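Asks: Next up, structure_31.txt (compact mmCIF, C-alpha atoms and all ligand atoms).
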```txt
# COMPACT_ATOMS: atom_id res chain seq x y z
CA MET Z 1 -38.52 -7.16 -58.24
CA THR Z 2 -40.31 -7.45 -54.98
CA SER Z 3 -41.78 -10.81 -54.18
CA LEU Z 4 -44.94 -10.79 -52.16
CA VAL Z 5 -45.01 -14.56 -51.83
CA HIS Z 6 -41.62 -15.17 -50.30
CA GLN Z 7 -40.54 -13.09 -47.37
CA ARG Z 8 -36.86 -12.39 -47.01
CA CYS Z 9 -34.71 -12.61 -43.94
CA SER Z 10 -34.22 -9.27 -42.21
CA ASN Z 11 -30.52 -9.95 -41.85
CA HIS Z 12 -29.95 -11.75 -45.15
CA PRO Z 13 -31.92 -10.15 -47.99
CA ALA Z 14 -30.80 -12.92 -50.33
CA ARG Z 15 -32.26 -15.67 -48.18
CA GLU Z 16 -35.82 -16.82 -47.94
CA ALA Z 17 -37.37 -16.39 -44.53
CA VAL Z 18 -38.76 -19.46 -42.84
CA VAL Z 19 -39.54 -18.13 -39.37
CA ARG Z 20 -41.32 -15.05 -38.16
CA CYS Z 21 -40.13 -13.80 -34.81
CA PRO Z 22 -43.13 -13.57 -32.45
CA GLU Z 23 -41.51 -10.66 -30.60
CA CYS Z 24 -40.48 -8.19 -33.26
CA ARG Z 25 -42.74 -9.55 -36.04
CA ARG Z 26 -39.88 -9.65 -38.51
CA PHE Z 27 -38.99 -12.52 -40.82
CA PHE Z 28 -35.79 -14.47 -40.51
CA CYS Z 29 -34.01 -17.40 -42.08
CA ARG Z 30 -33.14 -20.53 -40.13
CA GLU Z 31 -29.68 -19.30 -39.18
CA CYS Z 32 -31.01 -16.13 -37.62
CA VAL Z 33 -33.42 -17.73 -35.17
CA THR Z 34 -32.91 -19.76 -32.04
CA GLU Z 35 -35.35 -21.57 -29.82
CA HIS Z 36 -36.20 -19.68 -26.67
CA SER Z 37 -38.70 -21.16 -24.22
CA GLY Z 38 -40.35 -23.22 -26.94
CA ARG Z 39 -40.59 -20.40 -29.48
CA MET Z 40 -38.38 -19.61 -32.44
CA MET Z 41 -37.04 -16.09 -31.98
CA CYS Z 42 -34.43 -13.97 -33.66
CA ALA Z 43 -31.06 -13.59 -31.95
CA SER Z 44 -31.62 -9.96 -30.99
CA CYS Z 45 -34.92 -10.71 -29.27
CA VAL Z 46 -33.42 -13.71 -27.46
CA SER Z 47 -30.53 -11.61 -26.18
CA ARG Z 48 -32.90 -8.82 -25.22
CA LEU Z 49 -35.15 -11.20 -23.29
CA ALA Z 50 -32.15 -12.84 -21.68
CA ALA Z 51 -30.80 -9.45 -20.60
CA GLY Z 52 -34.20 -8.52 -19.19
CA ALA Z 53 -34.38 -11.79 -17.26
CA GLY Z 54 -30.89 -11.17 -15.91
CA LEU Z 55 -31.86 -7.69 -14.76
CA GLN Z 56 -35.01 -9.01 -13.13
CA ALA Z 57 -32.97 -11.59 -11.27
CA GLY Z 58 -31.09 -8.66 -9.72
CA ARG Z 59 -27.86 -10.46 -9.08
CA SER Z 60 -25.96 -11.97 -11.96
CA PRO Z 61 -22.57 -12.99 -10.58
CA GLY Z 62 -21.21 -13.75 -14.04
CA ALA Z 63 -18.66 -10.94 -14.03
CA LEU Z 64 -17.72 -11.75 -10.45
CA TRP Z 65 -17.02 -15.39 -11.29
CA VAL Z 66 -15.00 -14.40 -14.33
CA GLY Z 67 -12.93 -12.09 -12.16
CA LEU Z 68 -12.43 -14.79 -9.57
CA ALA Z 69 -11.39 -17.29 -12.22
CA LEU Z 70 -8.90 -14.85 -13.75
CA GLY Z 71 -7.55 -13.98 -10.30
CA GLY Z 72 -7.17 -17.64 -9.46
CA LEU Z 73 -5.33 -18.27 -12.69
CA LEU Z 74 -3.01 -15.34 -11.99
CA VAL Z 75 -2.29 -16.57 -8.46
CA ALA Z 76 -1.65 -20.10 -9.70
CA TRP Z 77 0.68 -18.79 -12.38
CA LEU Z 78 2.61 -16.68 -9.84
CA VAL Z 79 2.89 -19.63 -7.43
CA PHE Z 80 4.26 -21.93 -10.11
CA TYR Z 81 6.54 -19.21 -11.44
CA TYR Z 82 8.19 -18.53 -8.07
CA LEU Z 83 8.25 -22.25 -7.30
CA GLY Z 84 10.16 -22.78 -10.52
CA MET Z 85 12.54 -19.94 -9.69
CA ALA Z 86 13.15 -21.35 -6.21
CA LEU Z 87 13.79 -24.82 -7.58
CA ALA Z 88 16.19 -23.40 -10.17
CA ARG Z 89 18.14 -21.55 -7.45
CA ILE Z 90 18.62 -24.63 -5.29
CA PRO Z 91 22.36 -25.41 -5.37
CA SER Z 92 23.37 -28.65 -6.97
CA GLU Z 93 24.90 -30.08 -3.80
CA PHE Z 94 21.43 -30.13 -2.32
CA HIS Z 95 20.72 -33.10 -4.55
CA GLY Z 96 22.74 -36.07 -3.33
CA GLY Z 97 25.43 -33.91 -1.77
CA PRO Z 98 27.80 -35.07 0.98
CA ALA Z 99 25.95 -35.91 4.18
ZN ZN Z 101 -37.25 -10.70 -32.91
ZN ZN Z 102 -30.82 -14.64 -41.89
```
Turn this file's structure into C-alpha cells for me.
Replies:
Amino acid sequence: MTSLVHQRCSNHPAREAVVRCPECRRFFCRECVTEHSGRMMCASCVSRLAAGAGLQAGRSPGALWVGLALGGLLVAWLVFYYLGMALARIPSEFHGGPA
C-alpha cells in the first residue's frame, strides 16, 4: 500500500511529510525539521551545517568554556567546603568568650 500522493517522513513512516529538506532532498514531518537561515531543514542537515560552520570558524571555545565553568564550580565548592570546616572547628569560646 504505497501512496504516491502523500510522502512520508523519513524518520516517522506513519506520519505525513510536510517539508522537503533542500539539502538532502528527503521528506520530513513538522517535528523533524527546524528553520536554518530562513530554510526548513531536517535536524541532521542542520547539525551537519552547524558543525561545518564551526570547523570553518577554526576556533570554537565551547569545550574550553565548559571546562572553565566546571573548574570554577569545583573551586567554589572546595572553598565553601573548607570554609565550612574551618567555621565548624572554631571553638565555642571564640563567640562571646571572656575578653
Ligand atoms: Zn536534510
Ligand atoms: Zn518525522
Asks: Enumerate, in order of chain and increasing residue number, the residues of chain Z with an atom no farther than 10 Å from ligand ZN 101 (chain Z), each with its shortest atom pair and distance in Å to one decimal, counting all atoms listed in the file, as a Markdown table.
Replies:
```
| residue | atom | partner | partner_atom | distance |
| --- | --- | --- | --- | --- |
| Z:Ser10 | CA | Z:ZN101 | ZN | 9.9 |
| Z:Arg20 | CA | Z:ZN101 | ZN | 7.9 |
| Z:Cys21 | CA | Z:ZN101 | ZN | 4.6 |
| Z:Pro22 | CA | Z:ZN101 | ZN | 6.6 |
| Z:Glu23 | CA | Z:ZN101 | ZN | 4.8 |
| Z:Cys24 | CA | Z:ZN101 | ZN | 4.1 |
| Z:Arg25 | CA | Z:ZN101 | ZN | 6.4 |
| Z:Arg26 | CA | Z:ZN101 | ZN | 6.3 |
| Z:Phe27 | CA | Z:ZN101 | ZN | 8.3 |
| Z:Phe28 | CA | Z:ZN101 | ZN | 8.6 |
| Z:Cys32 | CA | Z:ZN101 | ZN | 9.5 |
| Z:Val33 | CA | Z:ZN101 | ZN | 8.3 |
| Z:Met40 | CA | Z:ZN101 | ZN | 9.0 |
| Z:Met41 | CA | Z:ZN101 | ZN | 5.5 |
| Z:Cys42 | CA | Z:ZN101 | ZN | 4.4 |
| Z:Ala43 | CA | Z:ZN101 | ZN | 6.9 |
| Z:Ser44 | CA | Z:ZN101 | ZN | 6.0 |
| Z:Cys45 | CA | Z:ZN101 | ZN | 4.3 |
| Z:Val46 | CA | Z:ZN101 | ZN | 7.3 |
| Z:Ser47 | CA | Z:ZN101 | ZN | 9.6 |
| Z:Arg48 | CA | Z:ZN101 | ZN | 9.0 |
| Z:Leu49 | CA | Z:ZN101 | ZN | 9.9 |
```
Asks: 6 Å from ligand ZN 102 (chain Z) is the threshold here; counting all atoms listed in the file, which polymer residues fall inside it? Answer as a PyMOL selection string.
Replies: chain Z and resi 9+11-12+28-29+31-32
Asks: At what distance in Å, to one decimal, does CA of Ala17 in chain Z lie from CA of Arg30 in chain Z?
Replies: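 Those two atoms sit 7.4 Å apart.
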Asks: Quick one: distance from CA of Gly52 in chain Z to CA of Ala69 in chain Z in Å, one decimal?
Replies: 25.4 Å
Asks: What does the distance from CA of Phe80 in chain Z to CA of Leu64 in chain Z come to in Å, to one decimal?
Replies: 24.2 Å
